[in-house]
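This is upload15.txt (compact mmCIF, C-alpha atoms).
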```txt
# COMPACT_ATOMS: atom_id res chain seq x y z
CA MET A 107 55.37 3.80 10.20
CA ASN A 108 52.45 2.76 8.03
CA ASP A 109 50.53 5.73 6.65
CA THR A 110 48.18 3.59 4.57
CA PRO A 111 44.61 4.60 5.44
CA GLU A 112 42.46 1.89 6.93
CA ILE A 113 39.99 0.51 4.41
CA GLN A 114 36.52 0.31 5.89
CA PRO A 115 34.79 -3.06 5.38
CA PRO A 116 31.59 -3.14 3.34
CA GLN A 117 28.34 -2.62 5.19
CA LEU A 118 26.50 -5.87 5.87
CA ALA A 119 22.83 -6.72 6.29
CA GLY A 120 20.68 -9.66 5.24
CA VAL A 121 17.58 -11.73 5.70
CA ILE A 122 17.25 -14.76 7.93
CA GLY A 123 14.69 -17.55 7.67
CA HIS A 124 14.29 -21.29 7.06
CA PRO A 125 13.99 -21.90 4.17
CA ILE A 126 15.11 -18.65 2.56
CA GLY A 127 15.07 -19.25 -1.19
CA HIS A 128 11.57 -17.78 -1.61
CA SER A 129 12.49 -14.38 -0.13
CA LYS A 130 12.24 -11.37 -2.43
CA SER A 131 14.25 -9.21 -0.01
CA PRO A 132 17.68 -9.86 -1.61
CA ARG A 133 16.33 -8.67 -4.96
CA LEU A 134 14.83 -5.57 -3.34
CA HIS A 135 17.82 -4.54 -1.25
CA GLY A 136 20.29 -5.53 -3.95
CA TYR A 137 18.56 -3.11 -6.32
CA TRP A 138 18.83 -0.27 -3.81
CA LEU A 139 22.50 -1.03 -3.11
CA ARG A 140 23.31 -0.85 -6.83
CA ASN A 141 21.08 2.16 -7.46
CA TYR A 142 22.69 4.23 -4.70
CA LYS A 143 26.20 2.86 -5.36
CA ILE A 144 26.62 1.74 -1.76
CA ARG A 145 29.54 -0.48 -0.85
CA GLY A 146 27.59 -3.13 0.96
CA TYR A 147 26.06 -6.57 0.81
CA TYR A 148 22.64 -7.99 1.63
CA ILE A 149 22.95 -11.71 2.35
CA PRO A 150 20.19 -14.36 2.52
CA MET A 151 20.80 -16.84 5.35
CA SER A 152 18.97 -20.09 6.02
CA VAL A 153 19.12 -20.75 9.77
CA ARG A 154 17.27 -23.54 11.54
CA PRO A 155 15.12 -22.51 14.51
CA ALA A 156 17.40 -24.42 16.89
CA ASP A 157 20.36 -22.30 15.73
CA LEU A 158 18.70 -18.88 15.79
CA ALA A 159 19.93 -17.84 19.23
CA ASP A 160 23.53 -18.68 18.31
CA ALA A 161 23.16 -16.76 15.04
CA PHE A 162 21.92 -13.68 16.89
CA LYS A 163 25.00 -13.81 19.13
CA THR A 164 27.37 -14.24 16.19
CA LEU A 165 26.06 -11.71 13.65
CA PRO A 166 27.15 -8.58 15.58
CA LYS A 167 30.69 -10.01 15.81
CA LEU A 168 30.74 -10.45 12.03
CA GLY A 169 29.92 -6.80 11.44
CA PHE A 170 26.25 -7.07 10.51
CA ARG A 171 24.20 -3.92 10.98
CA GLY A 172 20.87 -5.68 10.94
CA LEU A 173 18.55 -8.15 9.31
CA ASN A 174 15.13 -8.76 7.93
CA VAL A 175 13.43 -11.72 9.56
CA THR A 176 11.07 -14.08 7.77
CA LEU A 177 9.30 -17.32 8.64
CA PRO A 178 9.55 -19.15 10.95
CA HIS A 179 11.62 -16.77 13.07
CA LYS A 180 9.49 -13.65 13.52
CA SER A 181 8.21 -14.43 17.01
CA ALA A 182 11.50 -15.88 18.23
CA ALA A 183 13.44 -12.85 16.94
CA LEU A 184 11.33 -10.59 19.12
CA GLN A 185 12.06 -12.72 22.17
CA LEU A 186 15.80 -12.86 21.47
CA ALA A 187 16.20 -9.10 20.98
CA ASP A 188 17.52 -6.93 23.80
CA THR A 189 14.88 -4.25 23.15
CA SER A 190 11.95 -3.76 20.82
CA THR A 191 9.78 -1.02 19.39
CA ASP A 192 6.25 -0.60 20.69
CA ARG A 193 4.78 -1.75 17.39
CA ALA A 194 6.81 -4.97 17.37
CA ALA A 195 5.73 -5.70 20.95
CA LEU A 196 2.08 -5.00 20.08
CA ILE A 197 2.17 -7.24 17.01
CA GLY A 198 4.14 -9.93 18.84
CA ALA A 199 6.65 -10.47 16.03
CA ALA A 200 9.68 -8.84 14.43
CA ASN A 201 10.47 -8.60 10.74
CA THR A 202 13.44 -6.22 11.09
CA ILE A 203 16.28 -6.03 13.58
CA PHE A 204 18.86 -3.32 14.11
CA ILE A 205 22.27 -4.17 15.53
CA LYS A 206 23.72 -1.29 17.51
CA PRO A 207 27.46 -0.48 17.71
CA ASP A 208 27.61 -2.10 21.16
CA GLY A 209 26.27 -5.37 19.70
CA SER A 210 22.81 -5.12 21.25
CA ILE A 211 19.81 -5.99 19.11
CA ARG A 212 16.61 -3.97 18.72
CA ALA A 213 13.55 -5.61 17.14
CA ASP A 214 11.03 -3.80 15.00
CA ASN A 215 8.05 -4.69 12.84
CA THR A 216 7.67 -2.61 9.67
CA ASP A 217 4.85 -4.63 8.05
CA GLY A 218 2.16 -2.22 9.20
CA TYR A 219 4.25 0.75 8.07
CA GLY A 220 4.66 -0.86 4.65
CA PHE A 221 0.95 -1.59 4.43
CA ILE A 222 -0.07 2.01 5.17
CA GLN A 223 2.57 3.57 2.92
CA ASN A 224 1.43 1.34 0.06
CA LEU A 225 -2.15 2.58 0.42
CA HIS A 226 -1.17 6.23 0.66
CA GLN A 227 1.10 5.97 -2.39
CA ASN A 228 -1.24 4.01 -4.64
CA ALA A 229 -4.60 5.33 -3.42
CA PRO A 230 -3.77 8.96 -2.57
CA GLY A 231 -7.41 9.82 -1.88
CA TRP A 232 -7.81 7.08 0.73
CA GLN A 233 -9.06 8.41 4.05
CA PRO A 234 -8.83 5.78 6.81
CA LYS A 235 -11.30 7.66 9.03
CA ASP A 236 -14.06 7.54 6.42
CA GLY A 237 -15.54 4.29 7.70
CA PRO A 238 -14.96 0.83 9.12
CA ALA A 239 -12.47 -1.66 7.72
CA VAL A 240 -13.01 -5.34 7.09
CA VAL A 241 -9.88 -7.42 7.68
CA ILE A 242 -9.93 -11.04 6.58
CA GLY A 243 -7.41 -13.19 8.45
CA ALA A 244 -6.01 -13.34 11.97
CA GLY A 245 -2.37 -14.38 11.54
CA GLY A 246 0.78 -12.32 11.96
CA ALA A 247 0.15 -10.20 8.86
CA ALA A 248 -3.38 -9.44 10.01
CA ARG A 249 -2.09 -8.32 13.41
CA ALA A 250 0.24 -5.84 11.71
CA VAL A 251 -2.60 -4.58 9.51
CA VAL A 252 -5.01 -4.18 12.43
CA ALA A 253 -2.42 -2.27 14.47
CA ALA A 254 -1.63 0.00 11.53
CA LEU A 255 -5.27 0.73 10.68
CA LEU A 256 -6.11 1.57 14.29
CA GLY A 257 -3.07 3.85 14.38
CA GLU A 258 -4.36 5.65 11.28
CA GLY A 259 -7.70 6.34 12.95
CA VAL A 260 -9.98 3.73 11.38
CA PRO A 261 -13.09 3.94 13.58
CA LYS A 262 -13.86 0.21 13.65
CA ILE A 263 -12.43 -3.04 12.33
CA LEU A 264 -14.58 -6.05 11.50
CA LEU A 265 -12.33 -9.09 11.75
CA SER A 266 -13.07 -12.42 10.08
CA ASN A 267 -11.08 -15.64 10.16
CA ARG A 268 -11.93 -19.24 9.34
CA THR A 269 -11.00 -20.18 12.91
CA ARG A 270 -13.05 -17.80 15.04
CA GLN A 271 -10.94 -18.40 18.14
CA ARG A 272 -7.89 -16.82 16.49
CA SER A 273 -9.94 -13.75 15.66
CA GLU A 274 -11.15 -13.49 19.24
CA ILE A 275 -7.60 -13.66 20.61
CA LEU A 276 -6.50 -10.89 18.27
CA ALA A 277 -9.54 -8.74 19.06
CA GLU A 278 -8.93 -9.14 22.79
CA ASP A 279 -5.38 -7.83 22.34
CA PHE A 280 -6.49 -4.72 20.42
CA GLY A 281 -9.62 -3.63 22.28
CA ALA A 282 -13.17 -2.52 21.65
CA ARG A 283 -12.64 -1.05 18.16
CA VAL A 284 -12.09 -4.58 16.81
CA GLU A 285 -15.22 -6.71 16.41
CA VAL A 286 -15.14 -10.38 15.44
CA ILE A 287 -17.58 -11.54 12.79
CA ASP A 288 -18.32 -15.08 11.66
CA TRP A 289 -16.51 -16.33 8.57
CA ASN A 290 -19.79 -16.95 6.78
CA ARG A 291 -20.86 -13.33 7.41
CA SER A 292 -17.77 -11.77 5.83
CA ALA A 293 -19.47 -10.77 2.59
CA ASP A 294 -22.33 -9.05 4.46
CA ALA A 295 -19.85 -7.20 6.68
CA MET A 296 -18.52 -5.36 3.62
CA ASP A 297 -21.72 -3.30 3.49
CA GLY A 298 -20.62 0.19 4.57
CA ALA A 299 -16.90 -0.65 4.71
CA ALA A 300 -14.43 2.01 3.55
CA THR A 301 -11.46 -0.37 3.48
CA ILE A 302 -11.42 -4.12 2.75
CA VAL A 303 -8.24 -6.13 3.30
CA ASN A 304 -7.33 -9.72 2.52
CA ALA A 305 -4.61 -10.61 5.02
CA THR A 306 -4.72 -14.36 4.33
CA ALA A 307 -2.84 -16.49 1.78
CA LEU A 308 -6.08 -17.26 -0.06
CA GLY A 309 -5.77 -16.24 -3.70
CA MET A 310 -2.02 -16.83 -3.80
CA ASP A 311 -0.67 -19.05 -6.57
CA GLY A 312 -1.50 -22.64 -5.58
CA GLN A 313 -4.09 -21.60 -2.97
CA PRO A 314 -7.89 -21.55 -3.28
CA ASP A 315 -9.57 -18.19 -3.81
CA LEU A 316 -11.38 -16.19 -1.15
CA PRO A 317 -14.96 -17.48 -1.08
CA PHE A 318 -16.58 -14.04 -0.74
CA ALA A 319 -18.46 -11.86 -3.19
CA LEU A 320 -18.02 -8.09 -3.05
CA ASP A 321 -21.61 -7.26 -3.96
CA ALA A 322 -22.26 -5.50 -0.64
CA ALA A 323 -19.15 -3.29 -0.80
CA PRO A 324 -19.86 0.42 -1.36
CA ARG A 325 -18.73 1.94 -4.65
CA ASN A 326 -16.17 4.11 -2.86
CA ALA A 327 -14.56 1.24 -0.93
CA LEU A 328 -10.84 0.55 -1.26
CA VAL A 329 -9.92 -3.14 -1.65
CA THR A 330 -6.39 -4.36 -1.05
CA ASP A 331 -4.71 -7.75 -0.88
CA LEU A 332 -1.45 -8.59 0.87
CA VAL A 333 -0.84 -11.36 -1.67
CA TYR A 334 1.36 -10.30 -4.61
CA THR A 335 1.80 -13.61 -6.45
CA PRO A 336 -0.16 -13.16 -8.66
CA ILE A 337 0.05 -9.38 -8.68
CA GLU A 338 -3.70 -9.19 -9.35
CA THR A 339 -5.42 -11.84 -7.28
CA PRO A 340 -8.93 -13.08 -8.11
CA PHE A 341 -10.15 -10.99 -5.16
CA LEU A 342 -8.68 -7.80 -6.65
CA ALA A 343 -9.89 -8.72 -10.12
CA ALA A 344 -13.43 -9.09 -8.79
CA ALA A 345 -13.16 -5.72 -7.03
CA ARG A 346 -11.87 -4.04 -10.17
CA ALA A 347 -14.72 -5.57 -12.20
CA ARG A 348 -17.17 -3.87 -9.82
CA GLY A 349 -15.43 -0.53 -10.30
CA LEU A 350 -13.85 -0.47 -6.84
CA GLN A 351 -10.45 1.06 -6.20
CA VAL A 352 -7.80 -1.64 -5.72
CA VAL A 353 -4.23 -1.70 -4.41
CA ASP A 354 -2.09 -4.82 -4.85
CA GLY A 355 0.27 -6.20 -2.23
CA LEU A 356 3.63 -5.61 -3.90
CA GLY A 357 3.96 -2.08 -2.56
CA MET A 358 3.68 -3.30 1.02
CA LEU A 359 6.72 -5.53 0.45
CA LEU A 360 8.66 -2.63 -1.03
CA HIS A 361 7.76 -0.05 1.62
CA GLN A 362 8.35 -2.35 4.60
CA GLY A 363 11.99 -2.60 3.53
CA VAL A 364 12.61 1.16 3.67
CA PRO A 365 13.23 1.65 7.43
CA GLY A 366 15.72 -1.21 7.61
CA PHE A 367 17.71 -0.16 4.55
CA GLU A 368 17.90 3.43 5.77
CA ASN A 369 19.19 2.34 9.18
CA TRP A 370 21.73 -0.19 7.88
CA PHE A 371 23.11 1.67 4.89
CA GLY A 372 22.50 5.35 5.72
CA GLN A 373 20.36 6.10 2.67
CA ARG A 374 16.59 6.42 2.61
CA PRO A 375 15.56 4.52 -0.54
CA GLU A 376 12.76 5.48 -2.90
CA VAL A 377 9.86 3.22 -3.80
CA ASP A 378 9.11 4.17 -7.40
CA ASP A 379 7.95 2.76 -10.72
CA ALA A 380 11.46 1.62 -11.68
CA LEU A 381 11.77 -0.46 -8.51
CA ARG A 382 8.33 -1.95 -9.02
CA ALA A 383 9.20 -2.90 -12.61
CA HIS A 384 12.44 -4.50 -11.41
CA MET A 385 10.61 -6.60 -8.84
CA LEU A 386 8.09 -7.77 -11.44
CA GLU A 387 10.72 -8.88 -13.99
```

Represent the structure contained in this file as structure tokens.
Amino acid sequence: MNDTPEIQPPQLAGVIGHPIGHSKSPRLHGYWLRNYKIRGYYIPMSVRPADLADAFKTLPKLGFRGLNVTLPHKSAALQLADTSTDRAALIGAANTIFIKPDGSIRADNTDGYGFIQNLHQNAPGWQPKDGPAVVIGAGGAARAVVAALLGEGVPKILLSNRTRQRSEILAEDFGARVEVIDWNRSADAMDGAATIVNATALGMDGQPDLPFALDAAPRNALVTDLVYTPIETPFLAAARARGLQVVDGLGMLLHQGVPGFENWFGQRPEVDDALRAHMLE
């Protein structure tokens, strides 16, 4: 008779994309695993789109508890999941999946959650109901931002994108509180805005800057950028120079990882100054 207790395998999670080398998620989750002394691993996996369905079938058999999902798999992950949260269905993409004990997969999207938590943490006086928001961009990140702002009670969203048709599709999905404005009217739309969001890649290292001045923005407006490389984009620098309150995009990355880590590893992680410093090293 063998009385040796069974050794439980380490807890497994990871991030899936193609390519995957750019992802900051392994650094983020690896820090939390070490900080909380959890016996687990967070594994980056490069999977081609043609192999994603097979990967989703295999991962539960290998003991994975869930994954983060990055480009180009966010839409496909939602379609492959057995169930999804309302917010993932509304956004039309998944960035987090949970693998249940029976092997079924539930898709979620925590980008909007991360966006809102970042604003509340770094601009504690921000009141989303104080006035309209201007959102620049109409891609997947913008959809998450629009959904989150509407959920927080923003009375109106003025949506601008270089390709107007993409803005119109997004606005149609979210209803009357979202109004499309022409790209060349974006600067004027900031007059009276309480919240101004860049949800495009403009301003990122290697990309051109946003072509808008902030002269019309009220002095009490909050300006935030989803880009975090560089940590202070030219858009945020211009806002700061005008005396506006700014919030950079790094906190959104950090906060969006919280729900997944808590589900996979059983510990709700903290987003604090030490974590931020680690991610900026």

Contacts of Asn369 of chain A within 12 Å, all atoms listed in the file, excl. fewer than 6 positions in-chain, as a ChimeraX atom specification: /A:117-119,170-174,202-206,212,214,363,375

Contact residues around Lys262 of chain A with only C-alpha atoms at 8 Å, ignoring same-chain residues under 6 positions, as a PyMOL selection string: chain A and resi 237-239+256+283-285

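In this comparison, which uses all atoms listed in the file, the residue of A:Ala347, A:Leu264, A:Leu184, A:Leu381 approaching Arg140 of chain A most closely is A:Leu381.
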
Pairwise distance for atom CA of Pro314 of chain A and atom CA of Ile337 of chain A, rounded to one decimal in Å: 15.5 Å

Between atom CA of Pro340 of chain A and atom CA of Leu320 of chain A, distance in Å (one decimal):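 For atom CA of Pro340 of chain A relative to atom CA of Leu320 of chain A, the distance reads 11.5 Å.
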
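Across the structure, atom CA of Asp217 of chain A and atom CA of Asp321 of chain A are spaced 29.2 Å apart.
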
Within-9 Å shell of (-8.8, 4.9, 11.9) in input frame, all atoms listed in the file, as a PyMOL selection string: chain A and resi 233-239+254-263

Nearest candidate to Val377 of chain A (options A:Pro178, A:Pro230, A:Gly169, A:Pro365; using only C-alpha atoms): A:Pro365

Selected residue of minimal separation from Arg374 of chain A among A:His361, A:Arg268, A:Gly243, A:Val121, counting only C-alpha atoms: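 Of A:His361, A:Arg268, A:Gly243, A:Val121, the one nearest Arg374 of chain A, counting only C-alpha atoms, is A:His361.
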
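The environment of Tyr334 of chain A within 10 Å, counting only C-alpha atoms and disregarding residues fewer than 3 places along the same chain, consists of Ala307, Gly309, Met310, Asp311, Asp331, Ile337, Glu338, Thr339, Asp354, Gly355, Leu356, Gly357, Met358, Leu359 and Leu386 of chain A.
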
Protein, DNA and RNA residues within 10 Å of (32.3, -0.9, 4.1), all atoms listed in the file, as number ranges by chain: A: 113-118, 144-147, 169, 371

Top pick for closest residue to Pro125 of chain A, considering A:Lys143, A:Arg272, A:Arg154, A:Arg325 and counting only C-alpha atoms: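 Of all the options, A:Arg154 lies closest to Pro125 of chain A.
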
Nearest residue to Gly218 of chain A from the set A:Tyr142, A:Gly245, A:Arg193, A:Val240 (distances using all atoms listed in the file): A:Arg193

Best match for closeness to Gln373 of chain A among A:His124, A:Asn141, A:Leu177, A:Pro336, counting all atoms listed in the file: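 Among the listed residues, the smallest separation from Gln373 of chain A belongs to A:Asn141.
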